[in-house]
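> Structure file structure15.txt (compact mmCIF, C-alpha atoms) is given on the next line.
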# COMPACT_ATOMS: atom_id res chain seq x y z
CA MET J 64 76.30 106.37 94.07
CA LYS J 65 73.37 106.72 91.68
CA ILE J 66 74.61 107.30 88.14
CA ALA J 67 72.65 108.21 85.00
CA ILE J 68 73.80 106.79 81.68
CA GLY J 69 72.69 107.70 78.18
CA ASN J 70 73.79 107.13 74.62
CA ASP J 71 72.88 107.24 70.98
CA HIS J 72 72.80 104.40 68.47
CA ALA J 73 76.57 104.55 67.86
CA ALA J 74 77.25 103.62 71.48
CA THR J 75 74.63 101.06 72.48
CA GLU J 76 77.03 98.14 72.84
CA LEU J 77 79.61 100.16 74.80
CA LYS J 78 76.87 101.64 77.01
CA LEU J 79 75.63 98.20 77.99
CA ILE J 80 79.18 97.11 78.88
CA ILE J 81 79.82 100.29 80.89
CA LYS J 82 76.45 100.00 82.66
CA GLU J 83 77.31 96.47 83.79
CA TYR J 84 80.81 97.57 84.81
CA VAL J 85 79.54 100.50 86.90
CA GLU J 86 77.06 98.18 88.61
CA SER J 87 79.90 95.74 89.36
CA LEU J 88 81.62 98.61 91.19
CA GLY J 89 78.61 98.78 93.50
CA HIS J 90 76.77 101.74 91.99
CA GLU J 91 73.15 102.03 90.92
CA VAL J 92 72.72 102.91 87.24
CA VAL J 93 69.69 104.65 85.75
CA ASN J 94 69.58 103.88 82.03
CA PHE J 95 68.20 106.67 79.86
CA GLY J 96 68.82 104.71 76.64
CA THR J 97 68.80 104.08 73.79
CA ASP J 98 69.06 100.32 73.93
CA ASP J 99 69.08 99.52 70.22
CA ASN J 100 71.05 100.40 67.12
CA GLU J 101 68.30 102.31 65.29
CA SER J 102 69.46 105.76 64.25
CA CYS J 103 68.42 108.33 66.86
CA ASP J 104 69.21 111.86 67.93
CA TYR J 105 71.90 112.18 70.61
CA PRO J 106 70.60 115.55 71.92
CA LEU J 107 67.56 113.77 73.36
CA TYR J 108 69.73 111.50 75.50
CA GLY J 109 72.12 114.27 76.49
CA LYS J 110 69.11 116.24 77.72
CA LYS J 111 67.59 113.30 79.63
CA VAL J 112 70.81 112.64 81.54
CA GLY J 113 71.54 116.35 81.98
CA ASP J 114 68.08 116.98 83.39
CA ALA J 115 68.42 114.10 85.87
CA VAL J 116 71.79 115.42 87.04
CA ALA J 117 70.61 119.04 87.28
CA ARG J 118 67.52 118.04 89.28
CA GLY J 119 69.65 115.99 91.68
CA GLU J 120 67.90 112.73 90.84
CA VAL J 121 71.33 111.15 90.32
CA ASP J 122 74.81 111.94 91.61
CA CYS J 123 76.45 112.17 88.19
CA GLY J 124 76.14 111.01 84.61
CA ILE J 125 77.90 109.16 81.82
CA LEU J 126 77.14 109.98 78.18
CA ILE J 127 78.37 108.08 75.14
CA CYS J 128 77.94 108.83 71.46
CA GLY J 129 80.27 108.39 68.48
CA THR J 130 82.79 110.96 69.70
CA GLY J 131 81.32 112.08 73.02
CA VAL J 132 81.28 115.65 71.76
CA GLY J 133 77.75 116.10 70.43
CA ILE J 134 76.02 114.49 73.39
CA SER J 135 78.11 116.53 75.83
CA ILE J 136 77.27 119.77 74.03
CA ALA J 137 73.57 118.90 74.36
CA ALA J 138 73.94 118.19 78.09
CA ASN J 139 75.90 121.40 78.67
CA LYS J 140 72.90 123.45 77.50
CA ILE J 141 71.21 122.58 80.80
CA LYS J 142 71.83 124.97 83.69
CA GLY J 143 73.94 123.31 86.36
CA VAL J 144 75.49 120.71 84.10
CA ARG J 145 79.24 120.51 83.62
CA ALA J 146 79.79 117.75 81.07
CA ALA J 147 83.32 117.02 79.95
CA VAL J 148 84.57 114.80 77.14
CA CYS J 149 87.26 112.40 78.31
CA SER J 150 89.41 110.30 76.00
CA ASP J 151 92.06 109.44 78.60
CA VAL J 152 92.29 108.80 82.34
CA ALA J 153 94.25 111.98 83.12
CA THR J 154 91.44 114.11 81.76
CA ALA J 155 88.84 111.99 83.59
CA HIS J 156 90.64 112.67 86.86
CA LEU J 157 91.19 116.38 86.27
CA VAL J 158 87.65 117.19 85.12
CA LYS J 159 86.41 116.04 88.52
CA GLU J 160 89.32 117.41 90.56
CA HIS J 161 89.42 120.86 88.95
CA ASN J 162 86.07 121.35 87.19
CA ASN J 163 83.78 119.26 89.39
CA ALA J 164 82.27 117.86 86.20
CA ASN J 165 79.00 116.16 87.01
CA ILE J 166 78.85 114.31 83.69
CA ILE J 167 81.58 112.66 81.69
CA ALA J 168 81.27 111.78 78.03
CA PHE J 169 83.34 109.71 75.67
CA GLY J 170 83.14 108.34 72.18
CA ALA J 171 82.42 104.74 71.28
CA ARG J 172 84.30 105.37 68.03
CA ILE J 173 87.24 106.91 69.92
CA VAL J 174 87.98 104.80 73.01
CA GLY J 175 87.97 101.04 73.41
CA VAL J 176 86.16 99.09 76.09
CA GLU J 177 89.04 98.80 78.57
CA LEU J 178 89.99 102.46 78.27
CA ALA J 179 86.32 103.44 78.72
CA LYS J 180 86.22 101.38 81.93
CA ASP J 181 89.42 103.04 83.15
CA ILE J 182 88.01 106.50 82.36
CA VAL J 183 84.82 105.78 84.29
CA LYS J 184 86.61 104.27 87.29
CA THR J 185 89.08 107.16 87.45
CA TYR J 186 86.30 109.74 87.27
CA LEU J 187 84.20 108.03 89.93
CA GLU J 188 87.16 107.77 92.32
CA ALA J 189 88.34 111.37 91.85
CA GLU J 190 87.34 114.13 94.25
CA PHE J 191 86.78 117.83 93.68
CA GLU J 192 89.54 119.97 95.20
CA GLY J 193 87.46 123.11 95.73
CA GLY J 194 89.39 126.30 96.56
CA ARG J 195 90.50 128.25 93.51
CA HIS J 196 88.66 125.74 91.33
CA GLN J 197 85.33 126.57 92.97
CA ARG J 198 85.93 130.25 92.27
CA ARG J 199 86.35 129.42 88.58
CA ILE J 200 83.24 127.25 88.50
CA ASP J 201 81.32 130.12 90.10
CA MET J 202 82.57 132.38 87.31
CA ILE J 203 81.28 129.93 84.68
CA GLU J 204 77.88 129.67 86.33
Will you turn the file into structure tokens for me?


Amino acid sequence: MKIAIGNDHAATELKLIIKEYVESLGHEVVNFGTDDNESCDYPLYGKKVGDAVARGEVDCGILICGTGVGISIAANKIKGVRAAVCSDVATAHLVKEHNNANIIAFGARIVGVELAKDIVKTYLEAEFEGGRHQRRIDMIE
């Protein structure tokens, strides 16, 4: 799978760890940055990843900021994006299974490294159920 990843300054260290982890699972990662700790604006990175997902350049995306909320709101402004904040593995599984989320987001100030890895792995392994869930996604779109 080809996966976009993006973050703001609050999440640079966690992003680099997650990027390496996703690659170790056999996936290609496209890094949309940032790669330093200089203060920056998370909407820029939410948009970059969201655009790549919406255009089909990547299969899905991972966004990380302080809480995961702001960057996911920015991504969700893009038509075709369904970004969901996940702070636990159950949510990571269900956002794919029920909502066919094409981007997950989490907060570097909220989840630790091992939980972030578990969230990512769970999301990537989950499959969309379709059926009644597709009808609801169609209603959203």

> Using Å and a single decimal, report how far atom CA of J:Lys142 sits from atom CA of J:Asp99.

28.9 Å

> Provide the atom CA of J:Glu192 to atom CA of J:Val144 distance in Å, to one decimal place.

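Computing it gives 17.9 Å between the two atoms.
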
> Measuring between all atoms listed in the file, which one of J:Asp181, J:Asp151, J:Asp114, J:Asp122 shows the shortest distance to J:His90?

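Using all atoms listed in the file, the shortest distance to J:His90 belongs to J:Asp122.
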
> Would you place a box with edges along x, y and z of the file around all atoms of stretch 107-124 of chain J listed there, add 4 Å to each of its six sides, and report the centre and edge lengths in Å to one decimal, as AutoDock Vina command-line options?


--center_x 72.0 --center_y 115.0 --center_z 82.5 --size_x 16.9 --size_y 16.0 --size_z 26.3

> Listing only residues of stretch 65-148 of chain J within 10 Å of stretch 175-179 of chain J, what is the closest atom pair and its distance in Å (to one decimal) for each, using only C-alpha atoms, sorted by chain and residue number ascending, as a Markdown table?


| residue | atom | partner | partner_atom | distance |
| --- | --- | --- | --- | --- |
| J:Glu76 | CA | J:Val176 | CA | 9.7 |
| J:Leu77 | CA | J:Val176 | CA | 6.8 |
| J:Lys78 | CA | J:Val176 | CA | 9.7 |
| J:Ile80 | CA | J:Val176 | CA | 7.8 |
| J:Ile81 | CA | J:Ala179 | CA | 7.5 |
| J:Ile127 | CA | J:Ala179 | CA | 9.9 |

> Output C-alpha atoms for every residue in that selection, as a PDB file, in the coordinates of the input.


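Contents of again-v6.pdb, freshly written:
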ATOM      1  CA  GLU J  76      77.030  98.140  72.840  1.00  0.00           C
ATOM      2  CA  LEU J  77      79.610 100.160  74.800  1.00  0.00           C
ATOM      3  CA  LYS J  78      76.870 101.640  77.010  1.00  0.00           C
ATOM      4  CA  ILE J  80      79.180  97.110  78.880  1.00  0.00           C
ATOM      5  CA  ILE J  81      79.820 100.290  80.890  1.00  0.00           C
ATOM      6  CA  ILE J 127      78.370 108.080  75.140  1.00  0.00           C
TER       7      ILE J 127
END

> At what distance in Å, to one decimal, does atom CA of J:Cys123 lie from atom CA of J:Glu188?

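It comes out at 12.3 Å.
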
> Around (86.2, 109.1, 72.9) in the file's own coordinates, what residues are found within 7 Å if you use only C-alpha atoms, given back as a list in words?

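Residues found, by chain and rising number: Thr130, Gly131, Cys149, Ser150, Phe169, Gly170, Ala171, Arg172, Ile173 and Val174 of chain J.
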
> Could you tell me, as a ChimeraX atom specification, which residues have any atom at most 7 Å from (85.7, 120.9, 92.0), counting all atoms listed in the file?

/J:159-163,191-193,196-197

> Could you check the closest approach to J:Tyr186 for each of J:Val85, J:Val112, J:Ala117, J:Ile134 and tell me which residue wins, using all atoms listed in the file?

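Looking at the shortest contact to J:Tyr186, the residue is J:Val85.
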
> Could you check which of J:Arg198, J:Glu120, J:Tyr108, J:Ala146 is closest to J:Glu91, using all atoms listed in the file?

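Comparing J:Arg198, J:Glu120, J:Tyr108, J:Ala146 against J:Glu91, the winner is J:Glu120.
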
> With all atoms listed in the file as the atoms that count, which of J:Ala67, J:Arg145, J:Asn100, J:Ile203 lies nearest to J:Ala115?

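For J:Ala115, the nearest of the candidates is J:Ala67.
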
> Between J:Asn139, J:Val158, J:Met202, J:Leu187, which one has atoms that come closest to J:Val116, using all atoms listed in the file?

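Among J:Asn139, J:Val158, J:Met202, J:Leu187, it is J:Asn139 that comes nearest to J:Val116.
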